[in-house]
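Working notes for the structure below.
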Amino acid sequence: MSDYQQFLDERDKIDFLIQKGCQINSVREHLNGASVDFLHPNGNVTETLLIGTANGRKYFSSLLISQNQPKD
Amino acid sequence: MADLRINLAGIKSPNPFWLASAPPTNSGYQVQRAFEAGWGGAVWKTLGDPILNVTSRFAAISFNGQRVAGFNNIELITDRPLDVNLKEIYETKKKFPNHAIIASLMVEPKQEKWHEIVKRVEDVGVDGLELNFGCPHGMAERGMGSASGQVPALVERQTYWAKEVAKTPVIVKLTPNITDITATAEAACNGGADAISMINTINSLMGVDLDTWNTVPHVAGKGAHGGYCGPAVKPIALNMVAECARHPHINVPISGIGGISNWRDAVEFILMGATGVQVCTAAMHHGFRIVEDMIEGLNNYLDCKGIAAVSDIIGKSVPKYSDWGNLDLNYNIVAKINPEVCINCNKCHIACEDTSHQCIDMLTDANGKSYLKVREEDCVGCNLCSIVCPVDGAIDMIEAPRELAPMTWNERQAVLSVAAECKADIVK
Ligand SMILES: Cc1cc2nc3c(=O)[nH]c(=O)nc-3n(C[C@H](O)[C@H](O)[C@H](O)COP(=O)(O)O)c2cc1C
Ligand code: SF4
Ligand code: SF4
């Protein structure tokens, strides 16, 4: 799979969780990229995605920044 | 006609183009001819105890037909008696009162030595002094030049000694043979420098002769490292000027030196914070008259941009120079090949396929004609293909539509660590 395809795959998974109302709860960076924990809004369910591509890691970081920005 | 005059820490000259301290400023005859040709100032070949030179002294790299892409020397400071130089400085200043004459000085790191030479040189009416803490060869083996220029405490102390007696502005000329030039630039400021200039030459060995196994150049079969300058060093010099210009504790004017060959180079240095520029190699390569093109080019550039004075553009690019951590990670450009201009040499395809991201496809059109196309989604915008392409306009690097808001590495790390504080389980 090309880097780009892999990124699309990672982005789809992230978008799916965000659409379900999940928020990024914690991020662990390591040699294989980042493990991102998403917390479901109505409970303690946590789902973890391993994000390996550079664009994928830029993507969730951008989401985290907008998630942390105060909402009007 | 734009106003090309500059005032560097009180040293005034009719234009920003000075000859650097080097062979072109070795004598009154040369400096007077340079002023007649149009140079606004000259930093006299470094004065000090007259030295002995070896022969030969110079070597140059020609690169793909461009002669003197880089230049190397093992020449020392002046080999002429001080009194002879001073007499010629006096005569030159009398003939050209509106041109800047700066005396470059190098003596042992002793207070009385600095006091003596500063007083003697100022007596003949120079407009300023430049302390040479930069020569990387010969003089450095004797504790002068870059040997003292690499030690911030020595730079500060010697600047202070010169300033104790100097009545004219003191420029401190820095060596690039140091990891962080802002350390010595700051030391010069702490010593009271009125201005700094950079760069002197870079340690270098030009080559080895494959038949004789001698160094290039060699002196009776032996070589020693020299100082490198000319077009090849311009990016190194420009970065050093920019680093000093954006440093919060370095607030003196900068005289930019290193690989400046035409008005364009000069404008780049001025935009990056230099008040004026100095030139050596280009004058040695092409003669004094290159200054005519430099003046005309600078003047036309300013007129075209509607800018009244060269001093109005000093440092205009400095705010655009920052740390890597402040660059936008979400800004994207991609390569686009223009089939009408492309000559199908395949250089870009090979470069991308072998050493970048394998995203230039070789395709065939309906008529069986092959052409190249960038798969934009896989292109990382590295510029390599456009760098190796031999045809101007065959590859454009274009901005990709923005998909994500700007985000720098520093912003990213800040949000990750803030999140870590709120939720104890976020680990950097
Ligand atoms: C042959 C030669 C001799 C030089 N002698 C001196 C010198 O005596 N004092 C000095 O401060 N710099 C000296 N330099 C350095 C130049 O002034 C200048 O800093 C350097 O060459 C970079 O500028 P360029 O790339 O325009 O040549 C010398 C350079 C060359 C090539
Ligand atoms: S910019 Fe880089 S990645 Fe994009 S096509 Fe050119 S060489 Fe390949
Ligand atoms: S390097 Fe330039 S000219 Fe050569 S094939 Fe690529 S785009 Fe065409």
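Lettering and numbering for the structure tokens are positional, with chains as A, B, ... in the shown order, residues counted from 1 in each chain, and ligands counted from 1 in the shown order.
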- Within 10 Å of B:Gly145, counting only C-alpha atoms, which residues show up once you throw out same-chain ones fewer than 6 positions away? Write them as a list in words, please.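 Near neighbours after the sequence-gap exclusion: Leu76, Ile77, Leu105, Met106, Val107, Glu108, Pro109, Leu131, Asn132, Phe133, Gly134, Cys135, Pro136, His137, Gly138, Met139, Lys173, Leu174, Thr175 and Asn200 of chain B.
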Please, which residues of chain A lie no more than 6 Å from chain B when the count uses only C-alpha atoms, and can they be set out as a PDB file with C-alpha atoms, in the first residue's frame?
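Result went into selection26.pdb, see below:
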ATOM      1  CA  TYR A   4      -0.937   7.945   0.675  1.00  0.00           C
ATOM      2  CA  SER A  26      -4.162  10.611  25.242  1.00  0.00           C
ATOM      3  CA  VAL A  27      -1.262  10.255  22.867  1.00  0.00           C
ATOM      4  CA  ARG A  28       1.793   8.097  23.271  1.00  0.00           C
ATOM      5  CA  GLU A  29       4.600   8.708  20.763  1.00  0.00           C
TER       6      GLU A  29
END
- Query: With only C-alpha atoms and all ligand atoms as the basis for distance, which of B:Gly143, B:Gly40, B:Gly128, B:Pro23 is at the shortest distance from ligand 1?
  - Reply: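 Going through B:Gly143, B:Gly40, B:Gly128, B:Pro23 one by one, the smallest distance to ligand 1 is for B:Pro23.
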- Item | Separation of atom 12 (N, counted along the ligand's line) of ligand 1 from atom CA of B:Ile6, in Å and rounded to one decimal |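 Distance between the two atoms: 21.6 Å.
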- Task: Please identify which residues in stretch 320-379 of chain B DSSP calls alpha helix (DSSP H) from the backbone, and express them as number ranges by chain.
- Result: B: 347-355
- Message: Just to confirm, what's the straight-line distance from atom CA of B:Gln278 to atom CA of B:Glu116 in Å (one decimal)?
- Response: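 The value is 26.5 Å.
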- Task: Return the single residue from B:Asn299, B:Ser21, B:Asn346, B:Asn410 that is closest to B:Met1, with distances computed using only C-alpha atoms.
- Result: B:Asn299
- So which residues are near ligand 2, meaning at most 8 Å away with only C-alpha atoms and all ligand atoms counted, given back as number ranges by chain? B: 333-336, 348-349, 351-353, 355-360, 374-376, 378-386, 397
- Item | 10 Å contact set for A:Asp3, only C-alpha atoms, chain neighbours under 4 positions out, as a PyMOL selection string | (chain A and resi 7-9+52-56) or (chain B and resi 357+377-378)
- Message: I want to know what sits within 7 Å of B:Asn72, based on only C-alpha atoms, with residues of the same chain fewer than 3 positions away left out; could you give that as a PyMOL selection string?
- Response: chain B and resi 58-60+206+226-229
Env. residues ligand 3 / 6 Å / only C-alpha atoms and all ligand atoms / as a short mmCIF file (atom, residue, chain, number, x, y, z; two decimals) with all heavy atoms, in the first residue's frame:
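Once written, out_35.cif looks like this:
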data_model
loop_
_atom_site.label_atom_id
_atom_site.label_comp_id
_atom_site.auth_asym_id
_atom_site.auth_seq_id
_atom_site.Cartn_x
_atom_site.Cartn_y
_atom_site.Cartn_z
N ILE B 337 4.56 19.12 -13.67
CA ILE B 337 5.40 19.14 -14.88
C ILE B 337 4.60 19.74 -16.04
O ILE B 337 3.43 19.38 -16.24
CB ILE B 337 5.88 17.71 -15.23
CG1 ILE B 337 6.79 17.20 -14.10
CG2 ILE B 337 6.61 17.69 -16.58
CD1 ILE B 337 7.20 15.75 -14.24
N CYS B 342 8.69 20.60 -21.14
CA CYS B 342 9.57 19.46 -20.79
C CYS B 342 10.23 18.89 -22.05
O CYS B 342 9.59 18.76 -23.09
CB CYS B 342 8.70 18.40 -20.11
SG CYS B 342 9.47 16.80 -19.95
N ILE B 343 11.51 18.55 -21.96
CA ILE B 343 12.21 17.96 -23.11
C ILE B 343 12.39 16.45 -22.93
O ILE B 343 13.17 15.82 -23.64
CB ILE B 343 13.59 18.64 -23.32
CG1 ILE B 343 14.45 18.54 -22.04
CG2 ILE B 343 13.44 20.09 -23.78
CD1 ILE B 343 15.90 18.91 -22.23
N ASN B 344 11.69 15.88 -21.96
CA ASN B 344 11.72 14.43 -21.72
C ASN B 344 13.11 13.87 -21.44
O ASN B 344 13.44 12.77 -21.88
CB ASN B 344 11.11 13.69 -22.93
CG ASN B 344 9.61 13.62 -22.81
OD1 ASN B 344 9.07 13.43 -21.72
ND2 ASN B 344 8.93 13.82 -23.92
N CYS B 345 13.89 14.60 -20.71
CA CYS B 345 15.23 14.09 -20.41
C CYS B 345 15.21 13.07 -19.28
O CYS B 345 16.19 12.35 -19.07
CB CYS B 345 16.17 15.24 -20.04
SG CYS B 345 15.82 15.95 -18.42
N ASN B 346 14.11 13.04 -18.54
CA ASN B 346 13.92 12.04 -17.47
C ASN B 346 14.71 12.28 -16.19
O ASN B 346 14.69 11.44 -15.29
CB ASN B 346 14.24 10.61 -17.97
CG ASN B 346 13.04 9.98 -18.60
OD1 ASN B 346 11.91 10.46 -18.42
ND2 ASN B 346 13.26 8.91 -19.34
N LYS B 347 15.44 13.37 -16.12
CA LYS B 347 16.24 13.64 -14.91
C LYS B 347 15.35 13.64 -13.66
O LYS B 347 15.71 13.11 -12.63
CB LYS B 347 16.93 15.01 -15.00
CG LYS B 347 18.07 15.12 -15.96
CD LYS B 347 19.37 14.60 -15.51
CE LYS B 347 20.04 15.13 -14.29
NZ LYS B 347 21.26 14.35 -13.98
N CYS B 348 14.19 14.28 -13.79
CA CYS B 348 13.31 14.40 -12.62
C CYS B 348 12.78 13.03 -12.20
O CYS B 348 12.72 12.72 -11.01
CB CYS B 348 12.15 15.35 -12.91
SG CYS B 348 11.16 14.85 -14.32
N CYS B 389 16.00 19.56 -12.75
CA CYS B 389 15.49 19.79 -14.11
C CYS B 389 16.35 20.84 -14.83
O CYS B 389 16.57 21.92 -14.31
CB CYS B 389 14.04 20.27 -14.03
SG CYS B 389 13.39 20.70 -15.66
N PRO B 390 16.81 20.52 -16.04
CA PRO B 390 17.68 21.47 -16.75
C PRO B 390 16.92 22.57 -17.49
O PRO B 390 17.56 23.47 -18.06
CB PRO B 390 18.43 20.58 -17.74
CG PRO B 390 17.49 19.45 -18.02
CD PRO B 390 16.68 19.25 -16.77
N VAL B 391 15.60 22.48 -17.53
CA VAL B 391 14.84 23.44 -18.34
C VAL B 391 14.00 24.35 -17.45
O VAL B 391 13.13 23.87 -16.71
CB VAL B 391 13.90 22.69 -19.32
CG1 VAL B 391 13.18 23.69 -20.24
CG2 VAL B 391 14.66 21.68 -20.13
N ALA B 394 9.94 24.04 -16.76
CA ALA B 394 9.38 22.71 -17.05
C ALA B 394 8.69 22.13 -15.82
O ALA B 394 7.77 21.32 -15.94
CB ALA B 394 10.48 21.77 -17.54
N ILE B 395 9.14 22.52 -14.65
CA ILE B 395 8.48 22.05 -13.43
C ILE B 395 8.14 23.26 -12.56
O ILE B 395 9.01 24.09 -12.27
CB ILE B 395 9.38 21.09 -12.61
CG1 ILE B 395 9.76 19.87 -13.44
CG2 ILE B 395 8.68 20.67 -11.32
CD1 ILE B 395 10.58 18.84 -12.72
#
- Message: as a PyMOL selection string, please: the residues near B:Val84 (cut-off 12 Å, only C-alpha atoms, same-chain neighbours under 6 positions excluded).
- Response: chain B and resi 26-28+47+50+78+90-91+121+124
Convert the current residue selection to file output with N, CA and C atoms, as a PDB file, in the first residue's frame.
ATOM      1  N   ASN B  26      45.248  46.262  -1.068  1.00  0.00           N
ATOM      2  CA  ASN B  26      46.611  46.146  -0.544  1.00  0.00           C
ATOM      3  C   ASN B  26      47.382  47.454  -0.552  1.00  0.00           C
ATOM      4  N   SER B  27      46.980  48.397  -1.432  1.00  0.00           N
ATOM      5  CA  SER B  27      47.797  49.615  -1.596  1.00  0.00           C
ATOM      6  C   SER B  27      46.927  50.804  -1.968  1.00  0.00           C
ATOM      7  N   GLY B  28      47.504  51.992  -1.814  1.00  0.00           N
ATOM      8  CA  GLY B  28      46.802  53.215  -2.179  1.00  0.00           C
ATOM      9  C   GLY B  28      46.459  53.236  -3.661  1.00  0.00           C
ATOM     10  N   LEU B  47      46.375  45.436   8.649  1.00  0.00           N
ATOM     11  CA  LEU B  47      47.631  45.999   9.124  1.00  0.00           C
ATOM     12  C   LEU B  47      48.036  45.334  10.434  1.00  0.00           C
ATOM     13  N   PRO B  50      54.346  43.494   9.840  1.00  0.00           N
ATOM     14  CA  PRO B  50      54.374  42.957   8.471  1.00  0.00           C
ATOM     15  C   PRO B  50      54.864  41.507   8.458  1.00  0.00           C
ATOM     16  N   THR B  78      49.085  42.058   5.736  1.00  0.00           N
ATOM     17  CA  THR B  78      49.975  42.845   4.885  1.00  0.00           C
ATOM     18  C   THR B  78      51.448  42.495   5.128  1.00  0.00           C
ATOM     19  N   TYR B  90      46.487  57.959   4.113  1.00  0.00           N
ATOM     20  CA  TYR B  90      46.337  59.418   4.271  1.00  0.00           C
ATOM     21  C   TYR B  90      46.099  60.075   2.898  1.00  0.00           C
ATOM     22  N   GLU B  91      46.939  59.699   1.933  1.00  0.00           N
ATOM     23  CA  GLU B  91      46.816  60.301   0.590  1.00  0.00           C
ATOM     24  C   GLU B  91      45.476  59.931  -0.062  1.00  0.00           C
ATOM     25  N   VAL B 121      46.864  54.364  13.542  1.00  0.00           N
ATOM     26  CA  VAL B 121      46.030  54.306  12.347  1.00  0.00           C
ATOM     27  C   VAL B 121      45.024  55.459  12.330  1.00  0.00           C
ATOM     28  N   VAL B 124      45.994  59.024  10.923  1.00  0.00           N
ATOM     29  CA  VAL B 124      46.018  59.393   9.497  1.00  0.00           C
ATOM     30  C   VAL B 124      44.619  59.599   8.931  1.00  0.00           C
TER      31      VAL B 124
END
- Query: What residues in chain A get the DSSP label strand (DSSP E or B)? Please answer as a list in words.
  - Reply: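 Checking each residue of chain A, the strand (DSSP E or B) ones are Gln23, Ile24, Asn25, Ser26, Val27, Arg28, Glu29, His30, Gly33, Ala34, Ser35, Val36, Asp37, Phe38, Leu39, Thr46, Glu47, Thr48, Leu49, Leu50 and Ile51 of chain A.
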- Residue contacts of B:Ala195 (9 Å, only C-alpha atoms) excluding same-chain residues fewer than 5 positions away, as a PyMOL selection string: chain B and resi 8-9+130+169-173+188-189+251-255
Those same residues - all heavy atoms - I'd like them written as a tab-separated table (two decimals), in the first residue's frame.
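Okay, selection-v7.tsv is ready:
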chain	number	residue	atom	x	y	z
B	8	LEU	N	26.94	53.16	8.31
B	8	LEU	CA	27.12	51.96	9.13
B	8	LEU	C	27.81	52.37	10.43
B	8	LEU	O	29.00	52.68	10.42
B	8	LEU	CB	27.95	50.93	8.36
B	8	LEU	CG	28.10	49.55	9.04
B	8	LEU	CD1	27.82	48.43	8.06
B	8	LEU	CD2	29.46	49.37	9.66
B	9	ALA	N	27.04	52.46	11.48
B	9	ALA	CA	27.57	52.83	12.80
B	9	ALA	C	28.35	54.15	12.76
B	9	ALA	O	29.34	54.31	13.46
B	9	ALA	CB	28.44	51.71	13.36
B	130	GLU	N	38.42	47.93	11.56
B	130	GLU	CA	37.84	46.58	11.55
B	130	GLU	C	38.86	45.66	12.20
B	130	GLU	O	40.00	45.56	11.73
B	130	GLU	CB	37.52	46.12	10.12
B	130	GLU	CG	36.78	44.78	10.10
B	130	GLU	CD	36.44	44.32	8.69
B	130	GLU	OE1	37.36	43.82	8.00
B	130	GLU	OE2	35.27	44.45	8.29
B	169	PRO	N	34.44	54.51	14.71
B	169	PRO	CA	33.67	53.28	14.96
B	169	PRO	C	34.52	52.01	14.78
B	169	PRO	O	35.36	51.93	13.88
B	169	PRO	CB	32.56	53.34	13.91
B	169	PRO	CG	32.44	54.79	13.56
B	169	PRO	CD	33.82	55.36	13.69
B	170	VAL	N	34.27	51.05	15.65
B	170	VAL	CA	35.00	49.78	15.59
B	170	VAL	C	34.06	48.67	15.10
B	170	VAL	O	33.03	48.39	15.71
B	170	VAL	CB	35.56	49.42	16.99
B	170	VAL	CG1	36.10	47.99	17.00
B	170	VAL	CG2	36.62	50.41	17.42
B	171	ILE	N	34.47	48.06	13.98
B	171	ILE	CA	33.76	46.90	13.44
B	171	ILE	C	34.55	45.67	13.85
B	171	ILE	O	35.77	45.65	13.72
B	171	ILE	CB	33.70	46.96	11.90
B	171	ILE	CG1	33.13	48.30	11.41
B	171	ILE	CG2	32.89	45.80	11.33
B	171	ILE	CD1	33.30	48.51	9.90
B	172	VAL	N	33.88	44.65	14.32
B	172	VAL	CA	34.59	43.40	14.65
B	172	VAL	C	34.27	42.37	13.57
B	172	VAL	O	33.11	42.03	13.34
B	172	VAL	CB	34.19	42.88	16.04
B	172	VAL	CG1	34.78	41.50	16.29
B	172	VAL	CG2	34.66	43.86	17.12
B	173	LYS	N	35.33	41.90	12.89
B	173	LYS	CA	35.14	40.92	11.80
B	173	LYS	C	35.28	39.51	12.36
B	173	LYS	O	36.31	39.14	12.92
B	173	LYS	CB	36.16	41.17	10.69
B	173	LYS	CG	35.96	40.23	9.49
B	173	LYS	CD	36.83	40.65	8.32
B	173	LYS	CE	36.62	39.76	7.12
B	173	LYS	NZ	37.48	40.16	5.99
B	188	ALA	N	31.51	40.35	21.01
B	188	ALA	CA	31.98	41.62	20.42
B	188	ALA	C	31.11	42.77	20.91
B	188	ALA	O	31.62	43.84	21.27
B	188	ALA	CB	31.94	41.52	18.89
B	189	CYS	N	29.80	42.56	20.93
B	189	CYS	CA	28.89	43.61	21.41
B	189	CYS	C	29.20	43.94	22.87
B	189	CYS	O	29.24	45.11	23.26
B	189	CYS	CB	27.43	43.18	21.28
B	189	CYS	SG	26.91	42.97	19.57
B	251	ASN	N	22.58	43.93	18.68
B	251	ASN	CA	21.84	45.08	18.16
B	251	ASN	C	22.74	46.12	17.52
B	251	ASN	O	22.50	47.33	17.66
B	251	ASN	CB	21.01	45.70	19.28
B	251	ASN	CG	19.94	44.73	19.75
B	251	ASN	OD1	19.18	44.21	18.94
B	251	ASN	ND2	19.91	44.44	21.04
B	252	VAL	N	23.81	45.66	16.86
B	252	VAL	CA	24.69	46.59	16.15
B	252	VAL	C	24.56	46.34	14.65
B	252	VAL	O	24.14	45.24	14.25
B	252	VAL	CB	26.17	46.42	16.60
B	252	VAL	CG1	26.34	46.80	18.06
B	252	VAL	CG2	26.65	44.99	16.35
B	253	PRO	N	24.91	47.33	13.84
B	253	PRO	CA	24.83	47.11	12.38
B	253	PRO	C	25.78	45.99	11.93
B	253	PRO	O	26.79	45.72	12.57
B	253	PRO	CB	25.26	48.46	11.79
B	253	PRO	CG	25.22	49.43	12.89
B	253	PRO	CD	25.36	48.68	14.18
B	254	ILE	N	25.41	45.38	10.80
B	254	ILE	CA	26.21	44.26	10.26
B	254	ILE	C	26.72	44.63	8.87
B	254	ILE	O	25.98	45.16	8.04
B	254	ILE	CB	25.34	42.99	10.16
B	254	ILE	CG1	24.82	42.59	11.55
B	254	ILE	CG2	26.13	41.84	9.53
B	254	ILE	CD1	23.77	41.47	11.51
B	255	SER	N	28.00	44.34	8.64
B	255	SER	CA	28.56	44.45	7.30
B	255	SER	C	28.67	43.03	6.76
B	255	SER	O	29.37	42.19	7.32
B	255	SER	CB	29.94	45.12	7.39
B	255	SER	OG	30.52	45.22	6.12
- Message: Using only C-alpha atoms, which protein or nucleic acid residues come within 10 Å of stretch 39-41 of chain A? Drop anything in the same chain fewer than 3 positions from it, and give the result as an MDAnalysis selection string.
- Response: chainID A and resid 17:18 20:26 36 44:48
- Query: So, counting only C-alpha atoms and all ligand atoms, which residue among B:Gly325, B:Gly48, B:Pro97, B:Gly10 is closest to ligand 1?
  - Reply: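 Nearest to ligand 1: B:Gly48.
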- Query: With only C-alpha atoms and all ligand atoms as the basis for distance, which of B:Tyr160, B:Trp44, B:Trp213, B:Tyr29 is at the shortest distance from ligand 1?
  - Reply: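 The answer is B:Trp44, which sits nearest to ligand 1.
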- Task: Tell me which of B:Met284, B:His99, B:Gly192, B:Val31 sits closest to B:Glu156, counting only C-alpha atoms.
- Result: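 Using only C-alpha atoms, the shortest distance to B:Glu156 belongs to B:Gly192.
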